[in-house]
Amino acid sequence: MKRLVMTAVTVASALGATALHAEPLKIGIIESLSGAQTSTGRLYANAVKYGVDRINEAGGFNGEPVIVTEYDNAGGAPEAADKFRNAVADGVDIIFQGASSAIAGQLTEDVRKHNLRNPGEEVIFINLGGDAMELTGEKCQFYHFRYTATAPMRVNALVSAMKEAGDLGEKVYSINQNYSWGQDMQAAAAAAAETGGYEVVDEVLHDVNKIQDFAPFVARIRATGATTVFTGNWSNDLLLLMKAAGDAGLDVTFATAFLDQPGNIANAGKTALGHYIANNYDNAATDGAFAETYKAATGHYPIFVEGHSTFALGALQQALGTVDFGGGDIDVIQIALALENTTYETPLGPISVRKEDHQTIRPVVVSKVVENPKYPADDTTMGFETVKVIAGDQAIYPVQDSCKMQRPE
């Protein structure tokens with residue numbers, strides 16, 4: 001028996017020598033896995049792991065399974081910087097993150113500096129949810145790829161769909177959180193006014209997740225006579241705003257970006273009915289095949305950020321299929337170039353990467369909250385009904401003048 005085992009080991013060693021020395025692709029998830037953003041951070045991590053499982057089921061990459069490591073940034077930019085250093089020490093090739101534009105801004109700068117200082121040891125940052133325009137503007141860089149829609153993409157989609165549906169009023173009120181994302185939403189709502197045929201009668205930026213009573217803001221909205229409210233608010237700032245409007249009997253239609261965040265529909269109740277959202281994905285906008293596949297693997301349908309994040313991994317898998325390092329060293333630059341040239345077919349339509357700024361050109365889905373949808377949300381009788389899918393080439397905007405991308409030589 002011992003001799004047979006030794007023979008088997010010898011044969012396996014001979015046949016698998018190359019595989020034993022192959023360099024695995026290492027992925028790091030630097031996400032908010034504790035703190036206020038834990039629920040969102042976990043959804044991003046779930047989607048990345050789902051996508052990596054698909055890569056490994058197909059044979060992995062470079063002769064080895066892809067390795068995934070989680071790093072908890074606890075919802076803070078300084079913590080994310082520390083975790084990036086840990087990831088680099090662990091030899092991570094690609095990092096993923098989505099919950100917070102502030103953290104994405106920290107990471108893209110960390111990646112830029114690291115890559116300048118360490119030629120041959122570059123790292124790619126795939127951004128799943130940092131929507132701030134500056135990330136593909138003044139902070140754009142070759143190793144950052146954004147796989148989510150930005151404020152103008154969402155607002156322009158909302159304007160198009162709501163106008164066609166007859167739900168876009170002539171007077172718009174804009175209320176947003178006072179940081180990069182909220183400022184981008186405010187600017188986008190103002191920029192779309194001419195196309196939408198509306199007037200922005202008032203706009204306000206407020207502190208993030210510090211306001212407990214939105215009644216004064218609701219009174220201000222009522223005083224303007226606005227019938228449509230554009231807001232990029234998320235978490236309690238969206239929920240409390242909508243509830244205050246409902247409690248006051250304010251007859252307005254909300255145009256949002258994060259109404260599908262888990263818990264929002266349940267907590268808002270009937271107040272949510274009839275309001276709109278523009279997002280990267282909606283189960284109801286597809287034939288359901290992907291939703292069922294995802295549920296079979298995870299136990300639930302894709303919600304909130306899971307769908308579009310999974311597609312980013314699909315694009316990465318497709319890109320990896322075009323490069324071959326023969327089991328040798330991972331060349332991150334070649335992977336980045338492959339990503340640039342990848343068009344990935346999602347259930348909503350193709351997504352591709354614009355080479356000038358690495359913003360994905362992607363479909364945007366506009367949905368409305370209805371009773372008895374195909375995919376109920378939050379264990380309620382309410383959910384989202386697709387109003388319109390805006391194709392990527394119609395949703396995208398010109399490259400920002402502030403983007404001066406330096407490409408590797």
# chains A, B, ... in the order shown; residues from 1 in each chain; ligands from 1

$ select_by_dssp --residues "region 28-219 of chain A" --states "helix (DSSP H, G or I)" --output "ChimeraX atom specification"
/A:38-57,77-89,101-117,133-136,151-165,180-191,193-196,215-219

$ residues_around --residues "Leu205 (chain A)" --least-positions-apart "5" --cutoff "10 Å" --atoms "only C-alpha atoms" --output "number ranges by chain"
A: 174-179, 182-183, 186

$ write_last_selection --atoms "N, CA and C atoms" --output "mmCIF file, in the first residue's frame"
data_model
loop_
_atom_site.group_PDB
_atom_site.id
_atom_site.type_symbol
_atom_site.label_atom_id
_atom_site.label_comp_id
_atom_site.auth_asym_id
_atom_site.auth_seq_id
_atom_site.Cartn_x
_atom_site.Cartn_y
_atom_site.Cartn_z
ATOM 1 N N SER A 174 -34.883 69.741 -5.206
ATOM 2 C CA SER A 174 -33.695 68.891 -5.133
ATOM 3 C C SER A 174 -33.153 68.904 -3.708
ATOM 4 N N ILE A 175 -33.116 67.739 -3.068
ATOM 5 C CA ILE A 175 -32.606 67.644 -1.696
ATOM 6 C C ILE A 175 -31.632 66.483 -1.615
ATOM 7 N N ASN A 176 -30.431 66.780 -1.129
ATOM 8 C CA ASN A 176 -29.368 65.781 -1.140
ATOM 9 C C ASN A 176 -28.423 65.944 0.047
ATOM 10 N N GLN A 177 -27.689 64.884 0.316
ATOM 11 C CA GLN A 177 -26.697 64.913 1.386
ATOM 12 C C GLN A 177 -25.473 65.715 0.943
ATOM 13 N N ASN A 178 -24.892 66.433 1.885
ATOM 14 C CA ASN A 178 -23.825 67.374 1.552
ATOM 15 C C ASN A 178 -22.449 66.712 1.551
ATOM 16 N N TYR A 179 -22.214 65.932 0.517
ATOM 17 C CA TYR A 179 -20.879 65.409 0.220
ATOM 18 C C TYR A 179 -20.842 65.135 -1.275
ATOM 19 N N GLY A 182 -24.004 63.634 -3.098
ATOM 20 C CA GLY A 182 -25.164 64.510 -3.063
ATOM 21 C C GLY A 182 -24.977 65.743 -3.925
ATOM 22 N N GLN A 183 -23.789 66.276 -3.917
ATOM 23 C CA GLN A 183 -23.484 67.436 -4.753
ATOM 24 C C GLN A 183 -23.591 67.088 -6.232
ATOM 25 N N GLN A 186 -27.310 66.888 -7.102
ATOM 26 C CA GLN A 186 -27.876 68.226 -7.222
ATOM 27 C C GLN A 186 -27.505 68.850 -8.562
#

$ closest_atom_pairs --of "region 22-139 of chain A" --to "region 399-402 of chain A" --cutoff "12 Å" --atoms "only C-alpha atoms" --output "JSON lines"
{"residue": "A:Met133", "atom": "CA", "partner": "A:Gln400", "partner_atom": "CA", "distance": 8.7}
{"residue": "A:Glu134", "atom": "CA", "partner": "A:Ser402", "partner_atom": "CA", "distance": 8.4}
{"residue": "A:Leu135", "atom": "CA", "partner": "A:Ser402", "partner_atom": "CA", "distance": 10.3}
{"residue": "A:Thr136", "atom": "CA", "partner": "A:Gln400", "partner_atom": "CA", "distance": 7.5}
{"residue": "A:Gly137", "atom": "CA", "partner": "A:Ser402", "partner_atom": "CA", "distance": 5.1}
{"residue": "A:Glu138", "atom": "CA", "partner": "A:Ser402", "partner_atom": "CA", "distance": 4.8}
{"residue": "A:Lys139", "atom": "CA", "partner": "A:Ser402", "partner_atom": "CA", "distance": 8.3}

$ write_last_selection --atoms "all heavy atoms" --output "PDB file, in the first residue's frame"
ATOM      1  N   MET A 133     -18.458  61.693  -9.075  1.00  0.00           N
ATOM      2  CA  MET A 133     -17.950  62.021 -10.409  1.00  0.00           C
ATOM      3  C   MET A 133     -16.440  62.203 -10.437  1.00  0.00           C
ATOM      4  O   MET A 133     -15.785  61.900 -11.434  1.00  0.00           O
ATOM      5  CB  MET A 133     -18.645  63.281 -10.918  1.00  0.00           C
ATOM      6  CG  MET A 133     -20.125  63.121 -11.206  1.00  0.00           C
ATOM      7  SD  MET A 133     -20.436  62.033 -12.620  1.00  0.00           S
ATOM      8  CE  MET A 133     -19.920  63.103 -13.968  1.00  0.00           C
ATOM      9  N   GLU A 134     -15.861  62.687  -9.334  1.00  0.00           N
ATOM     10  CA  GLU A 134     -14.431  62.954  -9.312  1.00  0.00           C
ATOM     11  C   GLU A 134     -13.600  61.694  -9.545  1.00  0.00           C
ATOM     12  O   GLU A 134     -12.453  61.773  -9.980  1.00  0.00           O
ATOM     13  CB  GLU A 134     -14.039  63.591  -7.989  1.00  0.00           C
ATOM     14  CG  GLU A 134     -14.215  62.688  -6.775  1.00  0.00           C
ATOM     15  CD  GLU A 134     -13.838  63.363  -5.470  1.00  0.00           C
ATOM     16  OE1 GLU A 134     -13.557  64.574  -5.493  1.00  0.00           O
ATOM     17  OE2 GLU A 134     -13.824  62.675  -4.422  1.00  0.00           O
ATOM     18  N   LEU A 135     -14.176  60.537  -9.269  1.00  0.00           N
ATOM     19  CA  LEU A 135     -13.423  59.286  -9.412  1.00  0.00           C
ATOM     20  C   LEU A 135     -13.111  58.955 -10.865  1.00  0.00           C
ATOM     21  O   LEU A 135     -12.155  58.222 -11.148  1.00  0.00           O
ATOM     22  CB  LEU A 135     -14.178  58.134  -8.755  1.00  0.00           C
ATOM     23  CG  LEU A 135     -14.361  58.262  -7.239  1.00  0.00           C
ATOM     24  CD1 LEU A 135     -15.303  57.199  -6.706  1.00  0.00           C
ATOM     25  CD2 LEU A 135     -13.014  58.189  -6.526  1.00  0.00           C
ATOM     26  N   THR A 136     -13.922  59.462 -11.770  1.00  0.00           N
ATOM     27  CA  THR A 136     -13.600  59.356 -13.197  1.00  0.00           C
ATOM     28  C   THR A 136     -13.405  60.752 -13.786  1.00  0.00           C
ATOM     29  O   THR A 136     -13.491  60.941 -15.001  1.00  0.00           O
ATOM     30  CB  THR A 136     -14.705  58.604 -13.965  1.00  0.00           C
ATOM     31  OG1 THR A 136     -15.980  59.141 -13.603  1.00  0.00           O
ATOM     32  CG2 THR A 136     -14.664  57.113 -13.652  1.00  0.00           C
ATOM     33  N   GLY A 137     -13.142  61.715 -12.905  1.00  0.00           N
ATOM     34  CA  GLY A 137     -12.831  63.075 -13.298  1.00  0.00           C
ATOM     35  C   GLY A 137     -11.391  63.386 -12.924  1.00  0.00           C
ATOM     36  O   GLY A 137     -10.458  62.767 -13.433  1.00  0.00           O
ATOM     37  N   GLU A 138     -11.215  64.312 -11.962  1.00  0.00           N
ATOM     38  CA  GLU A 138      -9.856  64.692 -11.589  1.00  0.00           C
ATOM     39  C   GLU A 138      -9.062  63.555 -10.948  1.00  0.00           C
ATOM     40  O   GLU A 138      -7.830  63.570 -10.959  1.00  0.00           O
ATOM     41  CB  GLU A 138      -9.874  65.907 -10.649  1.00  0.00           C
ATOM     42  CG  GLU A 138     -10.689  65.731  -9.391  1.00  0.00           C
ATOM     43  CD  GLU A 138     -12.098  66.270  -9.531  1.00  0.00           C
ATOM     44  OE1 GLU A 138     -12.664  66.189 -10.649  1.00  0.00           O
ATOM     45  OE2 GLU A 138     -12.632  66.788  -8.539  1.00  0.00           O
ATOM     46  N   LYS A 139      -9.757  62.561 -10.386  1.00  0.00           N
ATOM     47  CA  LYS A 139      -9.060  61.429  -9.768  1.00  0.00           C
ATOM     48  C   LYS A 139      -8.965  60.217 -10.687  1.00  0.00           C
ATOM     49  O   LYS A 139      -8.542  59.148 -10.248  1.00  0.00           O
ATOM     50  CB  LYS A 139      -9.766  61.033  -8.469  1.00  0.00           C
ATOM     51  CG  LYS A 139      -9.593  62.028  -7.338  1.00  0.00           C
ATOM     52  CD  LYS A 139     -10.172  61.495  -6.033  1.00  0.00           C
ATOM     53  CE  LYS A 139      -9.904  62.458  -4.879  1.00  0.00           C
ATOM     54  NZ  LYS A 139     -10.433  61.937  -3.593  1.00  0.00           N
TER      55      LYS A 139
END

$ closest_residue --among "A:Leu337, A:Val332, A:Val370, A:Leu43" --to "Thr271 (chain A)" --atoms "only C-alpha atoms"
A:Val370

$ select_by_dssp --residues "region 79-235 of chain A" --states "strand (DSSP E or B)" --output "ChimeraX atom specification"
/A:94-97,124-127,144-146,171-177,199-206,228-230

$ closest_residue --among "A:Gly75, A:Gly321, A:Gly59, A:Gly349" --to "Ala36 (chain A)" --atoms "only C-alpha atoms"
A:Gly75
